[in-house]
>>> print(open('entry.txt').read())   # compact mmCIF, C-alpha atoms
# COMPACT_ATOMS: atom_id res chain seq x y z
CA MET X 1290 39.02 -74.24 36.44
CA ASN X 1291 41.42 -72.17 38.61
CA LYS X 1292 42.24 -70.11 35.56
CA ARG X 1293 38.54 -69.33 35.00
CA TYR X 1294 38.12 -68.16 38.61
CA SER X 1295 41.18 -65.93 38.20
CA TYR X 1296 39.63 -64.15 35.21
CA LEU X 1297 36.37 -63.67 37.09
CA LEU X 1298 38.20 -62.20 40.10
CA ILE X 1299 40.10 -59.75 37.88
CA PHE X 1300 36.83 -58.65 36.20
CA CYS X 1301 35.17 -57.98 39.57
CA LEU X 1302 38.13 -55.95 40.77
CA LEU X 1303 38.03 -53.79 37.60
CA LEU X 1304 34.30 -53.23 38.03
CA LEU X 1305 34.80 -52.08 41.63
CA CYS X 1306 37.50 -49.63 40.48
CA VAL X 1307 35.24 -48.09 37.87
CA CYS X 1308 32.38 -47.67 40.33
CA PHE X 1309 34.68 -46.18 42.99
CA GLY X 1310 36.14 -43.74 40.45
CA ALA X 1311 32.71 -42.56 39.34
CA CYS X 1312 31.63 -41.97 42.94
CA SER X 1313 34.81 -40.04 43.64
CA LYS X 1314 34.23 -37.85 40.59
CA ASP X 1315 30.68 -37.04 41.73
CA ASP X 1316 32.01 -36.16 45.19
CA ASP X 1317 34.51 -33.71 43.63
CA GLN X 1318 31.81 -31.72 41.73
CA GLU X 1319 30.52 -28.50 43.23
CA PRO X 1320 26.85 -28.61 44.20
CA VAL X 1321 24.46 -27.29 41.50
CA GLU X 1322 22.39 -24.26 42.47
CA THR X 1323 18.75 -25.23 42.04
CA GLN X 1324 15.76 -22.94 41.57
CA PRO X 1325 12.91 -23.30 43.99
CA PRO X 1326 9.90 -25.12 42.53
CA ILE X 1327 7.66 -23.10 40.21
CA GLU X 1328 4.77 -21.41 41.96
CA ASN X 1329 1.90 -21.19 39.43
CA SER X 1330 -0.24 -18.71 41.33
CA PRO X 1331 0.20 -15.10 40.08
CA GLY X 1332 0.73 -13.72 43.58
CA ASP X 1333 -0.07 -10.12 44.50
CA LEU X 1334 -1.37 -8.35 41.37
CA SER X 1335 -1.60 -4.88 42.91
CA HIS X 1336 1.90 -4.00 41.67
CA SER X 1337 4.88 -5.31 39.74
CA HIS X 1338 7.47 -6.66 42.14
CA ALA X 1339 10.90 -5.02 42.13
CA TYR X 1340 13.30 -7.65 43.44
CA GLY X 1341 16.57 -6.28 44.79
CA GLU X 1342 19.95 -7.99 45.02
CA ASN X 1343 18.79 -9.66 48.24
CA ASP X 1344 15.78 -11.19 46.40
CA LEU X 1345 13.33 -9.12 48.42
CA CYS X 1346 10.74 -6.89 46.76
CA GLU X 1347 11.62 -3.22 47.28
CA ILE X 1348 7.90 -2.35 47.31
CA CYS X 1349 6.25 -4.94 49.55
CA GLY X 1350 9.18 -6.89 51.02
CA GLU X 1351 8.04 -10.19 49.54
CA ALA X 1352 10.82 -12.73 49.00
CA TYR X 1353 11.47 -13.76 45.40
CA VAL X 1354 9.12 -16.49 44.25
CA ASN X 1355 9.91 -18.58 41.17
CA ARG X 1356 6.81 -18.22 39.03
CA GLY X 1357 8.31 -19.80 35.93
CA LEU X 1358 10.11 -16.76 34.50
CA SER X 1359 13.74 -16.96 33.40
CA PHE X 1360 15.93 -13.86 33.19
CA GLU X 1361 19.15 -12.75 31.52
CA ILE X 1362 21.18 -9.83 32.85
CA LYS X 1363 23.48 -8.19 30.32
CA ASP X 1364 25.01 -4.71 30.05
CA GLY X 1365 23.09 -3.43 33.04
CA ALA X 1366 19.66 -4.49 31.75
CA CYS X 1367 17.49 -7.50 32.35
CA THR X 1368 15.44 -9.45 29.79
CA VAL X 1369 12.70 -11.97 30.49
CA THR X 1370 13.83 -14.86 28.28
CA LYS X 1371 11.45 -17.74 28.95
CA TYR X 1372 8.30 -18.73 30.75
CA GLN X 1373 7.75 -22.28 32.01
CA GLY X 1374 4.75 -21.85 34.29
CA THR X 1375 1.09 -22.68 33.76
CA ALA X 1376 -0.63 -19.70 35.42
CA THR X 1377 -3.40 -17.88 33.53
CA VAL X 1378 -2.15 -14.51 34.83
CA VAL X 1379 1.55 -13.60 34.73
CA ASN X 1380 2.95 -10.66 36.70
CA ILE X 1381 6.34 -9.64 35.29
CA PRO X 1382 8.58 -7.93 37.91
CA SER X 1383 10.06 -4.52 37.18
CA LYS X 1384 13.40 -5.57 38.74
CA TYR X 1385 15.30 -8.82 39.13
CA LYS X 1386 18.47 -9.02 41.27
CA GLY X 1387 18.32 -5.23 41.53
CA VAL X 1388 18.43 -4.76 37.72
CA ALA X 1389 15.55 -3.17 35.77
CA VAL X 1390 13.59 -5.53 33.53
CA THR X 1391 13.61 -3.67 30.19
CA ALA X 1392 12.66 -6.31 27.61
CA ILE X 1393 10.44 -9.30 27.01
CA GLY X 1394 12.60 -11.58 24.90
CA GLU X 1395 12.12 -13.35 21.61
CA GLU X 1396 9.49 -16.15 21.79
CA CYS X 1397 9.39 -15.76 25.58
CA PHE X 1398 5.68 -16.63 25.93
CA SER X 1399 5.04 -18.03 22.45
CA TYR X 1400 2.37 -20.73 22.21
CA HIS X 1401 1.54 -20.71 25.93
CA LEU X 1402 -2.09 -21.59 25.34
CA PHE X 1403 -3.40 -20.91 28.87
CA ILE X 1404 -2.16 -17.33 29.51
CA GLU X 1405 -5.09 -14.91 29.68
CA GLN X 1406 -3.39 -11.81 31.08
CA VAL X 1407 0.16 -10.50 31.35
CA LEU X 1408 0.99 -7.56 33.61
CA ILE X 1409 3.84 -5.68 31.94
CA PRO X 1410 5.75 -3.26 34.22
CA LYS X 1411 6.62 0.33 33.31
CA SER X 1412 10.29 -0.59 33.15
CA VAL X 1413 9.80 -2.55 29.90
CA ARG X 1414 10.90 -0.73 26.74
CA SER X 1415 10.88 -3.57 24.22
CA ILE X 1416 8.67 -6.52 23.37
CA GLU X 1417 10.76 -8.61 21.02
CA LYS X 1418 10.07 -10.83 18.02
CA LYS X 1419 7.30 -13.45 18.50
CA ALA X 1420 7.19 -12.78 22.24
CA PHE X 1421 3.49 -13.70 22.53
CA LEU X 1422 3.04 -15.53 19.22
CA GLY X 1423 0.10 -17.93 19.34
CA CYS X 1424 -1.07 -17.06 22.88
CA VAL X 1425 -4.63 -17.89 21.89
CA ALA X 1426 -6.16 -17.29 25.35
CA LEU X 1427 -4.55 -13.87 25.92
CA SER X 1428 -7.52 -11.53 26.22
CA GLU X 1429 -6.28 -8.57 28.25
CA LEU X 1430 -3.28 -6.49 27.26
CA ARG X 1431 -2.20 -3.20 28.84
CA LEU X 1432 0.93 -1.77 27.31
CA PRO X 1433 2.96 0.59 29.54
CA ASP X 1434 3.84 4.11 28.42
CA SER X 1435 7.52 3.20 28.77
CA LEU X 1436 7.26 0.83 25.78
CA GLU X 1437 9.22 1.87 22.68
CA SER X 1438 9.15 -1.09 20.30
CA ILE X 1439 7.03 -4.11 19.41
CA GLY X 1440 8.82 -6.73 17.35
CA ASN X 1441 7.97 -8.84 14.33
CA SER X 1442 4.89 -11.04 14.95
CA ALA X 1443 5.00 -10.18 18.66
CA PHE X 1444 1.25 -10.76 19.19
CA MET X 1445 0.44 -12.66 15.99
CA GLY X 1446 -2.32 -15.21 16.46
CA CYS X 1447 -3.51 -13.92 19.84
CA GLU X 1448 -7.04 -14.94 18.96
CA SER X 1449 -8.75 -13.69 22.15
CA LEU X 1450 -7.49 -10.09 22.14
CA THR X 1451 -10.42 -7.74 21.50
CA GLU X 1452 -9.01 -4.23 21.98
CA VAL X 1453 -5.52 -2.75 22.07
CA VAL X 1454 -4.35 0.78 22.85
CA LEU X 1455 -0.82 1.51 21.68
CA PRO X 1456 0.85 4.18 23.85
CA ASP X 1457 2.42 7.25 22.25
CA SER X 1458 5.85 6.09 23.44
CA VAL X 1459 5.93 3.25 20.88
CA THR X 1460 7.91 4.27 17.79
CA LEU X 1461 8.44 0.83 16.22
CA LEU X 1462 5.51 -1.40 15.29
CA ASP X 1463 7.15 -4.19 13.32
CA GLU X 1464 5.68 -6.38 10.60
CA GLY X 1465 2.88 -8.73 11.52
CA ALA X 1466 2.80 -7.50 15.12
CA PHE X 1467 -0.97 -8.04 15.53
CA ALA X 1468 -1.75 -10.18 12.47
CA LEU X 1469 -4.31 -12.97 12.89
CA CYS X 1470 -5.79 -11.44 16.04
CA THR X 1471 -9.14 -12.67 14.82
CA ALA X 1472 -11.24 -11.41 17.76
CA MET X 1473 -9.84 -7.86 17.81
CA THR X 1474 -12.51 -5.25 17.07
CA LYS X 1475 -10.72 -1.99 17.94
CA PHE X 1476 -7.14 -0.75 17.76
CA THR X 1477 -5.84 2.69 18.74
CA MET X 1478 -2.43 3.55 17.34
CA GLY X 1479 -0.28 6.02 19.29
CA SER X 1480 1.33 9.17 17.90
CA GLY X 1481 4.83 7.67 17.99
CA ILE X 1482 4.11 5.57 14.89
CA THR X 1483 4.87 7.13 11.49
CA ARG X 1484 5.68 4.08 9.34
CA PRO X 1485 4.29 0.79 10.69
CA GLY X 1486 5.65 -2.53 9.44
CA LYS X 1487 4.05 -4.71 6.78
CA TYR X 1488 0.87 -6.76 7.37
CA VAL X 1489 0.48 -5.43 10.93
CA PHE X 1490 -3.25 -6.27 11.01
CA ARG X 1491 -3.47 -8.93 8.29
CA ASN X 1492 -6.54 -11.16 8.69
CA CYS X 1493 -7.84 -9.38 11.77
CA SER X 1494 -11.21 -10.41 10.45
CA LYS X 1495 -13.38 -8.75 13.14
CA LEU X 1496 -11.58 -5.39 13.21
CA THR X 1497 -14.24 -2.70 12.79
CA GLU X 1498 -12.57 0.39 14.26
CA ILE X 1499 -9.04 1.62 13.68
CA ILE X 1500 -7.86 4.96 15.09
CA LEU X 1501 -4.78 6.25 13.27
CA PRO X 1502 -2.58 9.11 14.53
CA ALA X 1503 -2.04 12.44 12.78
CA THR X 1504 1.68 11.61 12.70
CA LEU X 1505 1.18 8.68 10.29
CA LYS X 1506 3.05 8.92 6.96
CA LEU X 1507 2.43 5.48 5.49
CA ILE X 1508 -0.29 2.85 5.23
CA SER X 1509 2.15 -0.04 4.83
CA ASN X 1510 2.07 -3.01 2.46
CA ASP X 1511 -0.67 -5.53 3.38
CA MET X 1512 -1.47 -3.49 6.49
CA PHE X 1513 -5.22 -4.30 6.51
CA ASP X 1514 -5.21 -7.27 4.13
CA GLY X 1515 -8.13 -9.54 4.99
CA CYS X 1516 -9.76 -7.19 7.53
CA ALA X 1517 -13.15 -8.31 6.28
CA SER X 1518 -15.25 -6.38 8.85
CA LEU X 1519 -13.58 -2.98 8.35
CA SER X 1520 -16.32 -0.83 6.80
CA SER X 1521 -14.65 2.58 7.08
CA VAL X 1522 -11.26 4.08 7.82
CA SER X 1523 -10.23 7.68 8.43
CA ILE X 1524 -6.85 8.17 6.79
CA PRO X 1525 -5.10 11.16 8.40
CA ASP X 1526 -3.85 14.11 6.39
CA GLY X 1527 -0.10 13.61 6.21
CA VAL X 1528 -0.16 10.04 4.87
CA GLU X 1529 1.96 10.09 1.71
CA ALA X 1530 1.52 6.56 0.36
CA ILE X 1531 -0.93 3.67 0.50
CA GLY X 1532 1.17 0.51 0.20
CA HIS X 1533 0.76 -2.55 -2.00
CA ARG X 1534 -2.30 -4.62 -1.03
CA ALA X 1535 -2.93 -2.27 1.91
CA PHE X 1536 -6.72 -2.90 1.86
CA LEU X 1537 -6.77 -6.11 -0.18
CA ASN X 1538 -9.85 -8.25 0.55
CA CYS X 1539 -11.48 -5.68 2.84
CA ASP X 1540 -14.92 -6.96 1.92
CA SER X 1541 -16.92 -4.48 4.01
CA LEU X 1542 -15.14 -1.26 3.05
CA THR X 1543 -17.66 1.09 1.42
CA ASP X 1544 -16.28 4.65 1.23
CA VAL X 1545 -12.70 5.94 1.22
CA VAL X 1546 -11.45 9.52 1.26
CA LEU X 1547 -7.78 9.82 0.43
CA PRO X 1548 -6.31 13.01 1.96
CA GLU X 1549 -4.53 15.69 -0.05
CA SER X 1550 -1.15 14.41 1.13
CA VAL X 1551 -1.32 11.04 -0.69
CA LEU X 1552 1.08 10.78 -3.65
CA LEU X 1553 1.07 7.05 -4.39
CA LEU X 1554 -1.49 4.25 -4.39
CA GLY X 1555 0.23 0.86 -4.41
CA GLN X 1556 -0.36 -2.27 -6.44
CA SER X 1557 -3.66 -4.03 -5.58
CA ALA X 1558 -4.26 -1.45 -2.84
CA PHE X 1559 -8.06 -1.94 -2.90
CA GLN X 1560 -8.27 -5.12 -4.94
CA ASN X 1561 -11.28 -7.34 -4.15
CA CYS X 1562 -13.01 -4.64 -2.08
CA ASP X 1563 -16.29 -5.67 -3.66
CA GLU X 1564 -18.45 -3.40 -1.47
CA LEU X 1565 -16.42 -0.24 -2.13
CA SER X 1566 -18.87 2.21 -3.72
CA SER X 1567 -17.08 5.57 -3.59
CA ILE X 1568 -13.60 7.00 -3.37
CA THR X 1569 -12.07 10.48 -3.32
CA ILE X 1570 -8.82 10.91 -5.29
CA PRO X 1571 -6.81 13.96 -4.12
CA GLU X 1572 -5.07 16.56 -6.28
CA SER X 1573 -1.76 15.41 -4.78
CA MET X 1574 -1.98 11.93 -6.41
CA LEU X 1575 0.89 11.19 -8.81
CA GLU X 1576 0.73 7.44 -9.45
CA ILE X 1577 -1.72 4.56 -9.10
CA ARG X 1578 -0.16 1.15 -9.62
CA GLU X 1579 -1.35 -2.10 -11.20
CA SER X 1580 -4.68 -3.62 -10.17
CA ALA X 1581 -5.30 -1.00 -7.49
CA PHE X 1582 -9.07 -1.29 -8.05
CA GLU X 1583 -9.37 -4.73 -9.62
CA ASN X 1584 -12.66 -6.46 -8.75
CA CYS X 1585 -14.08 -3.34 -7.10
CA THR X 1586 -17.30 -4.12 -8.90
CA ALA X 1587 -19.58 -1.90 -6.75
CA LEU X 1588 -17.56 1.27 -7.32
CA SER X 1589 -20.01 3.88 -8.62
CA THR X 1590 -18.59 7.25 -7.56
CA VAL X 1591 -15.12 8.71 -8.05
CA ARG X 1592 -14.73 12.23 -6.66
CA ILE X 1593 -12.04 14.67 -7.84
CA SER X 1594 -11.54 18.43 -7.55
CA ASN X 1595 -9.02 19.08 -10.34
CA ILE X 1596 -9.36 17.60 -13.84
CA LYS X 1597 -5.89 18.81 -14.83
CA ASN X 1598 -4.33 16.74 -12.08
CA TRP X 1599 -6.46 13.72 -13.00
CA CYS X 1600 -5.13 13.82 -16.56
CA GLN X 1601 -1.57 13.64 -15.28
CA ILE X 1602 -1.91 10.75 -12.81
CA ARG X 1603 0.27 7.84 -13.92
CA PHE X 1604 -2.09 4.86 -14.20
CA LEU X 1605 -0.01 1.69 -14.66
CA SER X 1606 -2.86 -0.54 -15.94
CA ASN X 1607 -6.54 -0.36 -16.79
CA TYR X 1608 -7.45 -1.59 -13.30
CA SER X 1609 -5.33 1.17 -11.82
CA ASN X 1610 -8.14 3.47 -12.86
CA PRO X 1611 -11.18 3.42 -10.53
CA LEU X 1612 -13.47 4.13 -13.51
CA SER X 1613 -13.00 0.57 -14.81
CA TYR X 1614 -16.25 -0.84 -13.40
CA GLY X 1615 -18.67 1.83 -14.60
CA ALA X 1616 -18.10 4.46 -11.90
CA GLY X 1617 -19.08 8.04 -12.55
CA LEU X 1618 -16.35 10.69 -12.40
CA TYR X 1619 -17.56 13.68 -10.37
CA LEU X 1620 -15.61 16.92 -10.75
CA ASN X 1621 -16.53 19.15 -7.80
CA GLY X 1622 -19.84 17.32 -7.55
CA GLU X 1623 -20.75 17.40 -11.27
CA LEU X 1624 -20.77 14.25 -13.39
CA VAL X 1625 -18.25 14.55 -16.23
CA GLU X 1626 -19.93 13.85 -19.58
CA ASP X 1627 -18.91 16.50 -22.12
CA LEU X 1628 -15.27 17.12 -21.30
CA VAL X 1629 -13.39 20.28 -22.25
CA LEU X 1630 -9.87 19.95 -20.91
CA PRO X 1631 -8.29 23.20 -19.68
CA GLU X 1632 -5.19 24.81 -21.13
CA GLY X 1633 -1.94 23.97 -19.39
CA ILE X 1634 -2.21 20.20 -19.80
CA THR X 1635 0.69 18.98 -21.94
CA THR X 1636 0.32 15.21 -21.52
CA LEU X 1637 -2.71 12.97 -21.18
CA THR X 1638 -1.50 9.81 -19.45
CA TYR X 1639 -2.10 6.17 -20.33
CA PHE X 1640 -5.56 4.88 -19.29
CA ALA X 1641 -6.64 8.37 -18.16
CA PHE X 1642 -10.32 7.77 -19.03
CA PHE X 1643 -10.21 4.06 -19.78
CA ASP X 1644 -13.58 2.35 -19.50
CA TYR X 1645 -15.36 5.56 -18.53
CA ALA X 1646 -19.00 4.85 -19.28
CA TYR X 1647 -20.37 8.40 -19.16
CA LEU X 1648 -17.97 10.24 -21.49
CA LYS X 1649 -19.81 11.61 -24.57
CA SER X 1650 -17.46 14.19 -26.09
CA VAL X 1651 -13.92 15.50 -25.56
CA VAL X 1652 -12.28 18.76 -26.59
CA LEU X 1653 -8.51 18.68 -26.10
CA PRO X 1654 -6.57 21.91 -25.29
CA GLU X 1655 -4.08 23.76 -27.49
CA SER X 1656 -1.34 23.03 -24.92
CA LEU X 1657 -1.68 19.24 -25.27
CA LEU X 1658 1.31 17.64 -26.99
CA GLU X 1659 0.99 13.93 -26.17
CA ILE X 1660 -1.80 11.39 -25.62
CA GLY X 1661 -0.96 8.17 -23.78
CA GLY X 1662 -2.08 4.74 -24.91
CA TYR X 1663 -5.68 3.62 -24.28
CA ALA X 1664 -6.47 7.09 -22.90
CA PHE X 1665 -10.12 6.81 -24.03
CA GLY X 1666 -10.27 3.01 -24.38
CA ARG X 1667 -13.70 1.37 -23.95
CA CYS X 1668 -15.51 4.71 -23.65
CA GLN X 1669 -18.65 3.25 -25.18
CA ALA X 1670 -20.67 6.48 -24.98
CA LEU X 1671 -17.97 8.60 -26.69
CA ARG X 1672 -19.23 10.17 -29.94
CA GLU X 1673 -16.96 13.16 -30.65
CA LEU X 1674 -13.27 13.96 -30.20
CA GLU X 1675 -11.56 17.24 -31.10
CA PHE X 1676 -7.77 17.72 -31.44
CA LYS X 1677 -5.89 21.00 -31.61
CA SER X 1678 -3.00 21.42 -34.04
CA ASN X 1679 -0.10 21.32 -31.52
CA ILE X 1680 -0.38 17.59 -30.83
CA THR X 1681 2.91 15.76 -31.57
CA ASN X 1682 2.53 12.19 -30.24
CA ILE X 1683 -0.38 9.77 -30.08
CA TRP X 1684 0.43 6.45 -28.45
CA GLU X 1685 -1.19 3.05 -28.96
CA ALA X 1686 -4.93 2.50 -29.47
CA ILE X 1687 -6.22 5.64 -27.75
CA LEU X 1688 -9.75 4.72 -28.88
CA TYR X 1689 -9.47 1.00 -28.09
CA GLU X 1690 -12.92 -0.61 -28.38
CA CYS X 1691 -14.64 2.79 -28.80
CA GLU X 1692 -17.26 1.50 -31.21
CA ASN X 1693 -19.56 4.52 -31.27
CA VAL X 1694 -17.20 7.38 -32.17
CA GLN X 1695 -18.68 9.28 -35.12
CA VAL X 1696 -16.69 12.52 -35.41
CA ILE X 1697 -12.99 13.31 -35.00
CA ARG X 1698 -12.04 16.95 -35.64
CA TYR X 1699 -8.51 18.26 -36.12
CA ALA X 1700 -7.84 22.00 -35.94
CA GLY X 1701 -5.06 21.87 -38.50
CA THR X 1702 -4.13 20.83 -42.02
CA ARG X 1703 -3.56 17.41 -43.57
CA GLU X 1704 0.16 18.24 -43.73
CA GLN X 1705 0.25 18.99 -39.99
CA TRP X 1706 -1.66 15.80 -39.23
CA GLU X 1707 0.87 13.73 -41.14
CA GLN X 1708 3.67 15.16 -38.99
CA ILE X 1709 2.17 13.66 -35.81
CA GLU X 1710 3.89 10.52 -34.47
CA ILE X 1711 0.95 8.08 -34.35
CA SER X 1712 1.65 4.63 -32.92
CA GLU X 1713 0.72 1.69 -35.15
CA GLU X 1714 1.00 -0.86 -32.33
CA LYS X 1715 -2.00 -3.16 -32.09
CA GLN X 1716 -3.86 -4.44 -29.04
CA ASP X 1717 -6.27 -7.32 -29.64
CA GLY X 1718 -6.21 -6.41 -33.31
CA GLN X 1719 -7.00 -2.73 -32.71
CA ASP X 1720 -4.78 0.26 -33.38
CA ASN X 1721 -5.13 3.96 -34.20
CA SER X 1722 -6.45 3.42 -37.72
CA ILE X 1723 -9.86 4.75 -36.64
CA LEU X 1724 -8.28 8.19 -36.36
CA GLU X 1725 -7.34 8.23 -40.04
CA GLN X 1726 -10.73 6.89 -41.01
CA LEU X 1727 -12.79 9.55 -39.20
CA VAL X 1728 -10.58 12.64 -38.95
CA LYS X 1729 -11.96 15.86 -40.43
CA PHE X 1730 -9.64 18.83 -41.01
CA GLN X 1731 -10.87 22.27 -39.99
CA THR X 1732 -8.03 24.01 -41.85
CA LYS X 1733 -7.15 23.30 -45.47
>>> encode(input="entry.txt", output="structure tokens")
Amino acid sequence: MNKRYSYLLIFCLLLLCVCFGACSKDDDQEPVETQPPIENSPGDLSHSHAYGENDLCEICGEAYVNRGLSFEIKDGACTVTKYQGTATVVNIPSKYKGVAVTAIGEECFSYHLFIEQVLIPKSVRSIEKKAFLGCVALSELRLPDSLESIGNSAFMGCESLTEVVLPDSVTLLDEGAFALCTAMTKFTMGSGITRPGKYVFRNCSKLTEIILPATLKLISNDMFDGCASLSSVSIPDGVEAIGHRAFLNCDSLTDVVLPESVLLLGQSAFQNCDELSSITIPESMLEIRESAFENCTALSTVRISNIKNWCQIRFLSNYSNPLSYGAGLYLNGELVEDLVLPEGITTLTYFAFFDYAYLKSVVLPESLLEIGGYAFGRCQALRELEFKSNITNIWEAILYECENVQVIRYAGTREQWEQIEISEEKQDGQDNSILEQLVKFQTK
């Protein structure tokens, strides 16, 4: 029995030692600096506070109030890194601890569902990646003219924003910056932007007005993908390329004029624009990529001013050509039906007149040396075709599914004809054998 009490006494003494040691350790720690409790009222909204080193506002003298913002000071600049408040209006100070606030950090306000307005001071130069991602209640946004960059997905999913004006100071508009802003109806892009990031306005389904600057060089990949309410867009002269899927699924787009600066039309650029009825292709155009006009079933008018240039555009598939759904080709306002190609053309590109419903006859020039595959494919109204004697190469199935051709003339001899490299490659069982069957020689 005495032995049992001895063990119990030893255990109690050990327990007291442990407790005493823990208390002593806590007493040795330095006191932790605590922030004052978060004040969720926005305070004075007449200005952005500029808090000096003494935590007093240099403008109004107000003492620093913790409104849920966290800051990081590094290399002489201050970044807002996090917001933990619940106010509907947030007033970001222009200074903290005497240091200018120059950036709103990555994911700083992301998914704060109650914020309706953020006052951004003129000291801010950068809004970083996903800073306001998913702020579904944010309805008022005024960007200062000090701002230089807007990061990836910075305002993506801000479903209550209706109008945004981008100041001229902004030179970087990163990918997805305003994607899924489903209530936005108008956006004005400042002159500092030349090459915006990909899918900047993807699925902005109510966007009806977009004002683009004269400085713009690129309509980027997926830039307006899913902008279902966009019925017209003025593309400034100076834009050199329309990116892949740039206007994909723009269901309300009806008329597009591409300026004389455009060189390239990307893959699926206007795919599924099923209300698009007319388009102007400039003389500057060099290449139109796959499926650029696929499912543009309402397209009825294609306007050009230079047939020589049209014949040299590199069409990468049949749906690269806007004629594929029965559109009329208008050369300086006149519908092309009986086509006499001018001298100077040396190559007729693949798919140049593919599926052109109005073409009745073609006279090729003396200068023409090469005809690309499917150049006159599915031209159901085509009856007559005339070659000159300088032709050297005819690629695959140039009269693919041309069931009504009756006359093919060749301004040369049988011997010259036999020297031409004529492709024997078949497409859906069709090749160039129709040429041999119908050709008539004008020189014996």
>>> axis_aligned_box(input="entry.txt", around="range 1653-1663 of chain X", padding_each_side="3 Å", output="JSON")
{"center_x": -3.6, "center_y": 13.7, "center_z": -25.6, "size_x": 15.8, "size_y": 26.1, "size_z": 9.7}
>>> atom_distance(input="entry.txt", atom1="CA of Gly1481 in chain X", atom2="CA of Val1545 in chain X")
24.3 Å
>>> closest_residue(input="entry.txt", among="X:Arg1672, X:Lys1506, X:Arg1578, X:Lys1418", to="Glu1464 in chain X", atoms="all atoms listed in the file")
X:Lys1418
>>> atom_distance(input="entry.txt", atom1="CA of Cys1562 in chain X", atom2="CA of Ser1589 in chain X")
12.8 Å
>>> atom_distance(input="entry.txt", atom1="CA of Ile1680 in chain X", atom2="CA of Asp1627 in chain X")
20.5 Å
>>> residues_around(input="entry.txt", residues="range 1440-1456 of chain X", least_positions_apart="4", cutoff="7 Å", atoms="all atoms listed in the file", output="PyMOL selection string")
chain X and resi 1416-1430+1432+1434+1462-1479
>>> residues_around(input="entry.txt", residues="Glu1579 in chain X", least_positions_apart="5", cutoff="7 Å", atoms="all atoms listed in the file", output="list in words")
Gln1556, Ser1557, Leu1605, Ser1606, Tyr1608 and Ser1609 of chain X
>>> closest_residue(input="entry.txt", among="X:Met1574, X:Leu1554, X:Leu1519, X:Leu1358", to="Ala1376 in chain X", atoms="only C-alpha atoms")
X:Leu1358
>>> closest_residue(input="entry.txt", among="X:Asn1693, X:Ser1650, X:Gln1560, X:Thr1375", to="Glu1673 in chain X", atoms="all atoms listed in the file")
X:Ser1650
>>> closest_residue(input="entry.txt", among="X:Ile1348, X:Val1694, X:Leu1724, X:Ala1517", to="Ser1712 in chain X", atoms="all atoms listed in the file")
X:Leu1724
